[in-house]
file structure_9.csv (CSV, C-alpha atoms)
chain,number,residue,atom,x,y,z
N,1,MET,CA,138.9,114.3,139.8
N,2,VAL,CA,136.8,117.3,138.8
N,3,GLU,CA,133.3,116.2,138.2
N,4,ARG,CA,131.8,117.7,135.0
N,5,GLN,CA,128.1,117.8,134.4
N,6,SER,CA,127.1,115.4,131.7
N,7,PRO,CA,125.5,116.9,128.6
N,8,LEU,CA,123.4,113.8,128.5
N,9,GLU,CA,121.7,114.3,131.9
N,10,PRO,CA,118.3,115.6,130.7
N,11,GLU,CA,118.0,112.5,128.4
N,12,PHE,CA,120.0,109.9,130.4
N,13,HIS,CA,117.3,107.6,131.7
N,14,VAL,CA,118.6,104.5,133.5
N,15,GLY,CA,116.7,101.3,132.9
N,16,SER,CA,115.4,99.1,130.1
N,17,HIS,CA,113.7,100.7,127.1
N,18,GLY,CA,112.2,99.8,123.8
N,19,ASN,CA,111.3,96.3,122.7
N,20,PHE,CA,113.0,94.3,125.4
N,21,GLU,CA,110.4,91.6,125.9
N,22,HIS,CA,112.8,89.0,124.4
N,23,GLY,CA,115.8,90.4,126.3
N,24,VAL,CA,118.0,93.4,126.1
N,25,GLU,CA,120.4,93.4,123.0
N,26,ILE,CA,122.1,96.8,123.6
N,27,ILE,CA,123.7,98.4,126.7
N,28,LEU,CA,124.3,102.2,126.5
N,29,THR,CA,126.3,104.2,128.9
N,30,GLU,CA,128.4,107.3,129.2
N,31,THR,CA,132.0,106.3,130.1
N,32,ARG,CA,133.2,109.7,131.4
N,33,PRO,CA,137.0,109.3,131.0
N,34,GLY,CA,139.2,111.7,133.0
N,35,SER,CA,141.3,112.6,130.0
N,36,ILE,CA,140.8,112.6,126.2
N,37,VAL,CA,143.7,113.8,124.2
N,38,GLN,CA,144.4,114.2,120.5
N,39,LEU,CA,148.0,113.8,119.3
N,40,ALA,CA,149.3,114.8,115.9
N,41,ALA,CA,152.8,114.1,114.5
N,42,TRP,CA,154.6,116.3,112.1
N,43,PRO,CA,155.5,114.6,108.8
N,44,GLY,CA,158.3,112.0,109.4
N,45,GLU,CA,157.8,112.0,113.2
N,46,GLU,CA,155.1,109.4,113.4
N,47,LYS,CA,157.3,106.7,114.9
N,48,ARG,CA,158.6,109.1,117.6
N,49,LEU,CA,155.0,109.9,118.5
N,50,ILE,CA,154.0,106.3,118.7
N,51,ALA,CA,157.0,105.7,121.0
N,52,ALA,CA,155.8,108.6,123.2
N,53,ILE,CA,152.3,107.0,123.4
N,54,ARG,CA,153.9,103.8,124.6
N,55,THR,CA,156.0,105.7,127.2
N,56,VAL,CA,153.0,107.5,128.6
N,57,THR,CA,150.3,104.9,128.4
N,58,GLY,CA,152.2,101.6,128.3
N,59,LEU,CA,150.2,100.6,125.2
N,60,ALA,CA,152.3,99.4,122.2
N,61,LEU,CA,150.3,100.9,119.4
N,62,PRO,CA,150.6,99.3,116.0
N,63,ASP,CA,151.9,101.6,113.3
N,64,GLY,CA,149.3,102.9,110.9
N,65,ALA,CA,145.9,104.8,110.8
N,66,GLY,CA,143.1,102.9,112.3
N,67,GLY,CA,145.2,100.6,114.6
N,68,GLY,CA,144.6,100.8,118.3
N,69,LEU,CA,144.6,99.2,121.7
N,70,SER,CA,142.6,99.3,124.9
N,71,ASP,CA,143.4,97.8,128.3
N,72,GLY,CA,140.1,98.8,130.0
N,73,VAL,CA,141.6,101.9,131.6
N,74,LYS,CA,143.5,103.5,128.8
N,75,SER,CA,142.8,103.4,125.1
N,76,VAL,CA,144.5,104.7,122.0
N,77,PHE,CA,143.8,104.6,118.3
N,78,GLY,CA,144.9,106.2,115.1
N,79,PHE,CA,142.2,107.9,113.1
N,80,ALA,CA,144.3,109.5,110.3
N,81,PRO,CA,147.9,109.3,109.3
N,82,GLY,CA,150.0,110.6,112.2
N,83,LYS,CA,146.9,111.4,114.3
N,84,PHE,CA,145.8,109.6,117.4
N,85,THR,CA,143.1,109.8,120.1
N,86,VAL,CA,144.1,108.7,123.6
N,87,ALA,CA,141.7,108.3,126.6
N,88,ASP,CA,142.4,107.5,130.2
N,89,GLU,CA,140.1,107.0,133.2
N,90,ALA,CA,142.5,109.3,135.1
N,91,GLU,CA,143.0,113.0,134.6
N,92,GLY,CA,146.4,114.5,133.6
N,93,LEU,CA,147.0,112.8,130.3
N,94,ALA,CA,147.6,116.0,128.4
N,95,ALA,CA,150.2,117.1,131.0
N,96,ALA,CA,152.0,113.7,130.8
N,97,PHE,CA,152.1,113.9,127.0
N,98,ALA,CA,153.3,117.5,127.0
N,99,LYS,CA,156.5,116.3,128.9
N,100,VAL,CA,157.4,113.8,126.1
N,101,VAL,CA,155.9,115.1,122.9
N,102,THR,CA,158.2,118.0,122.1
N,103,PRO,CA,157.3,120.7,119.5
N,104,ALA,CA,159.7,118.9,117.2
N,105,ILE,CA,157.6,115.7,117.3
N,106,GLY,CA,154.1,117.1,117.1
N,107,THR,CA,151.2,118.6,119.0
N,108,VAL,CA,149.1,117.7,122.1
N,109,THR,CA,145.5,118.9,122.3
N,110,ASP,CA,143.5,118.3,125.5
N,111,LEU,CA,139.9,117.4,124.4
N,112,SER,CA,138.6,116.3,127.8
N,113,HIS,CA,136.3,119.4,128.2
N,114,GLY,CA,135.1,119.2,124.6
N,115,ARG,CA,134.2,115.5,124.0
N,116,THR,CA,131.6,113.1,125.4
N,117,ALA,CA,132.3,109.4,125.4
N,118,VAL,CA,129.4,107.0,124.8
N,119,ARG,CA,129.7,103.2,125.0
N,120,ILE,CA,127.4,100.8,123.1
N,121,ALA,CA,127.7,97.1,123.8
N,122,GLY,CA,125.8,94.0,123.1
N,123,PRO,CA,125.1,91.5,120.4
N,124,LYS,CA,123.4,94.1,118.2
N,125,ALA,CA,125.9,96.9,118.6
N,126,GLU,CA,127.3,96.5,115.1
N,127,TRP,CA,123.8,96.4,113.7
N,128,VAL,CA,122.7,99.6,115.5
N,129,LEU,CA,125.9,101.5,114.5
N,130,ALA,CA,125.4,100.5,110.9
N,131,LYS,CA,122.2,102.5,110.9
N,132,PHE,CA,124.3,105.6,111.5
N,133,PHE,CA,127.6,105.1,109.8
N,134,ALA,CA,128.6,103.7,106.3
N,135,ILE,CA,131.4,101.6,107.9
N,136,ASP,CA,131.9,97.8,107.9
N,137,PHE,CA,131.6,97.0,111.6
N,138,SER,CA,132.2,93.3,111.2
N,139,LEU,CA,135.0,92.0,113.4
N,140,PRO,CA,137.4,91.2,110.5
N,141,ALA,CA,137.0,94.6,109.0
N,142,PHE,CA,137.0,96.5,112.3
N,143,PRO,CA,139.1,94.5,114.7
N,144,VAL,CA,139.3,95.0,118.5
N,145,GLY,CA,141.3,98.1,119.3
N,146,ALA,CA,140.8,99.7,115.9
N,147,GLY,CA,139.4,103.2,115.5
N,148,ARG,CA,137.6,105.1,112.8
N,149,SER,CA,136.7,108.8,112.3
N,150,THR,CA,133.4,109.5,110.6
N,151,THR,CA,130.3,111.7,110.7
N,152,HIS,CA,126.5,111.1,111.1
N,153,HIS,CA,124.4,114.1,109.8
N,154,ASP,CA,127.3,116.5,110.4
N,155,VAL,CA,128.0,115.0,113.9
N,156,PHE,CA,131.7,114.2,113.9
N,157,ALA,CA,132.4,110.9,115.7
N,158,GLN,CA,135.5,108.9,116.5
N,159,ILE,CA,134.7,105.2,117.2
N,160,GLN,CA,136.9,102.6,118.8
N,161,ARG,CA,136.1,98.9,119.1
N,162,THR,CA,137.0,98.0,122.7
N,163,SER,CA,135.9,94.4,122.6
N,164,ALA,CA,134.1,92.0,120.2
N,165,ASP,CA,130.7,93.5,120.9
N,166,GLN,CA,131.6,96.9,122.4
N,167,PHE,CA,132.4,100.3,120.9
N,168,ASP,CA,133.3,103.6,122.5
N,169,ILE,CA,132.2,106.7,120.5
N,170,TYR,CA,133.6,110.2,121.1
N,171,VAL,CA,131.5,113.1,120.0
N,172,PHE,CA,131.6,116.9,120.5
N,173,ARG,CA,129.9,117.8,123.8
N,174,SER,CA,127.7,120.2,122.0
N,175,PHE,CA,126.2,117.4,119.9
N,176,ALA,CA,126.2,114.7,122.6
N,177,ARG,CA,122.6,115.0,123.7
N,178,SER,CA,121.3,114.9,120.2
N,179,PHE,CA,123.5,112.0,119.2
N,180,TRP,CA,122.5,110.1,122.5
N,181,LYS,CA,118.8,110.5,121.7
N,182,ALA,CA,119.3,109.2,118.2
N,183,LEU,CA,121.3,106.3,119.5
N,184,CYS,CA,118.6,105.4,122.0
N,185,HIS,CA,115.9,105.7,119.3
N,186,ALA,CA,118.0,103.4,116.9
N,187,SER,CA,118.3,100.8,119.7
N,188,GLU,CA,114.6,100.7,120.6
N,189,GLU,CA,113.6,97.8,118.2
N,190,VAL,CA,116.1,95.4,119.8
N,191,GLY,CA,115.7,96.6,123.3
N,192,TYR,CA,118.3,98.6,125.2
N,193,GLU,CA,119.4,99.3,128.8
N,194,VAL,CA,120.9,102.5,130.0
N,195,GLN,CA,123.4,102.0,132.8
call {"tool": "encode", "arguments": {"input": "structure_9.csv", "output": "structure tokens"}}
result
Amino acid sequence: MVERQSPLEPEFHVGSHGNFEHGVEIILTETRPGSIVQLAAWPGEEKRLIAAIRTVTGLALPDGAGGGLSDGVKSVFGFAPGKFTVADEAEGLAAAFAKVVTPAIGTVTDLSHGRTAVRIAGPKAEWVLAKFFAIDFSLPAFPVGAGRSTTHHDVFAQIQRTSADQFDIYVFRSFARSFWKALCHASEEVGYEVQ
């Protein structure tokens, strides 16, 4: 695996921060997947693209925008009709998709070099994220595996709920440090730990 320097490094301070005298309510980390890919189906080709996603990842994605799955190694979610974000701990995902997603089905775009993945976990994760995004983060409205595409002060973010109290957030590398600092600041009042 080619190790890329994190855009968070100058602001990535491992340890406990903020008001943690009553415990840490938030865990923040950078996940550093080996591959992040965006897939888009041409109109009428969505089901063939979903089948290709299953072939490459082994994940049986539900049909429809917002649906998704994560197995702890690979994750996929729809963020718009016929558009999906797929991440894998291993490299080579774009090449694997290029073999099965033909030009008649849609497009494959490797975003591994252009995105940073940040994970927020803990009992106050929904609460902290609600400070940034006008989204209902409650479990019934945003189930495990589901994804959303949104912005915070012009910072585009794709968010996937990967467990009951955990979210992975994909942002442009060029905005990652600024977003990270804001996320840390928003987590201070409940106490957070950077791992």
call {"tool": "atom_distance", "arguments": {"input": "structure_9.csv", "atom1": "atom CA of N:Ala60", "atom2": "atom CA of N:Glu46"}}
result
13.6 Å
call {"tool": "closest_residue", "arguments": {"input": "structure_9.csv", "among": "N:Gly72, N:Gly114, N:Pro103, N:Gly145", "to": "N:Thr31", "atoms": "all atoms listed in the file"}}
result
N:Gly72
call {"tool": "closest_residue", "arguments": {"input": "structure_9.csv", "among": "N:Leu183, N:Gly18, N:Ala41, N:Glu193", "to": "N:Lys131", "atoms": "only C-alpha atoms"}}
result
N:Leu183
call {"tool": "atom_distance", "arguments": {"input": "structure_9.csv", "atom1": "atom CA of N:Lys74", "atom2": "atom CA of N:Gly92"}}
result
12.3 Å
call {"tool": "closest_residue", "arguments": {"input": "structure_9.csv", "among": "N:Phe156, N:Asp136, N:Gly82, N:Ala125", "to": "N:Leu28", "atoms": "all atoms listed in the file"}}
result
N:Ala125
call {"tool": "residues_around", "arguments": {"input": "structure_9.csv", "residues": "N:Glu91", "least_positions_apart": "2", "cutoff": "6 Å", "atoms": "all atoms listed in the file", "output": "list in words"}}
result
Gly34, Ser35 and Leu93 of chain N
call {"tool": "residues_around", "arguments": {"input": "structure_9.csv", "residues": "N:Gln166", "least_positions_apart": "2", "cutoff": "6 Å", "atoms": "all atoms listed in the file", "output": "PDB file with C-alpha atoms, in the coordinates of the input"}}
result
ATOM      1  CA  ILE N 120     127.400 100.800 123.100  1.00  0.00           C
ATOM      2  CA  ALA N 121     127.700  97.100 123.800  1.00  0.00           C
ATOM      3  CA  ARG N 161     136.100  98.900 119.100  1.00  0.00           C
ATOM      4  CA  THR N 162     137.000  98.000 122.700  1.00  0.00           C
ATOM      5  CA  SER N 163     135.900  94.400 122.600  1.00  0.00           C
ATOM      6  CA  ALA N 164     134.100  92.000 120.200  1.00  0.00           C
TER       7      ALA N 164
END
call {"tool": "closest_atom_pairs", "arguments": {"input": "structure_9.csv", "of": "stretch 83-192 of chain N", "to": "stretch 2-17 of chain N", "cutoff": "9 Å", "atoms": "only C-alpha atoms", "output": "tab-separated table"}}
result
residue	atom	partner	partner_atom	distance
N:Glu91	CA	N:Val2	CA	8.6
N:His113	CA	N:Arg4	CA	8.3
N:Thr116	CA	N:Pro7	CA	7.9
N:Arg173	CA	N:Pro7	CA	6.6
N:Ser174	CA	N:Pro7	CA	7.7
N:Phe175	CA	N:Pro7	CA	8.7
N:Ala176	CA	N:Pro7	CA	6.4
N:Arg177	CA	N:Leu8	CA	5.0
N:Ser178	CA	N:Leu8	CA	8.6
N:Trp180	CA	N:Leu8	CA	7.1
N:Lys181	CA	N:Glu11	CA	7.0
N:Cys184	CA	N:His17	CA	8.5
N:Ser187	CA	N:His17	CA	8.7
N:Glu188	CA	N:His17	CA	6.6
N:Gly191	CA	N:His17	CA	5.9
N:Tyr192	CA	N:His17	CA	5.4
call {"tool": "closest_residue", "arguments": {"input": "structure_9.csv", "among": "N:Leu49, N:Val118, N:Ala186, N:Val194", "to": "N:Ala104", "atoms": "all atoms listed in the file"}}
result
N:Leu49
call {"tool": "atom_distance", "arguments": {"input": "structure_9.csv", "atom1": "atom CA of N:Thr55", "atom2": "atom CA of N:Val144"}}
result
21.7 Å
call {"tool": "residues_around", "arguments": {"input": "structure_9.csv", "residues": "N:Ile135", "least_positions_apart": "6", "cutoff": "9 Å", "atoms": "only C-alpha atoms", "output": "list of chain:residue names"}}
result
N:Leu129, N:Phe142, N:Arg148, N:Thr150
call {"tool": "residues_around", "arguments": {"input": "structure_9.csv", "residues": "N:Leu69", "least_positions_apart": "6", "cutoff": "7 Å", "atoms": "all atoms listed in the file", "output": "list in words"}}
result
Leu59, Leu61, Ser75, Val76, Phe77, Gly145 and Ala146 of chain N
call {"tool": "closest_residue", "arguments": {"input": "structure_9.csv", "among": "N:Val190, N:Ala157, N:Ala95, N:Ala87", "to": "N:Phe20", "atoms": "only C-alpha atoms"}}
result
N:Val190
call {"tool": "closest_residue", "arguments": {"input": "structure_9.csv", "among": "N:Ala182, N:Ile105, N:Ile159, N:Ile169", "to": "N:Gly44", "atoms": "all atoms listed in the file"}}
result
N:Ile105
call {"tool": "residues_near_point", "arguments": {"input": "structure_9.csv", "point": "(145.6, 120.8, 123.9)", "cutoff": "9 Å", "atoms": "all atoms listed in the file", "output": "ChimeraX atom specification"}}
result
/N:37-39,94,98,107-111
call {"tool": "residues_around", "arguments": {"input": "structure_9.csv", "residues": "N:Ala52", "least_positions_apart": "6", "cutoff": "9 Å", "atoms": "all atoms listed in the file", "output": "ChimeraX atom specification"}}
result
/N:97,100-101
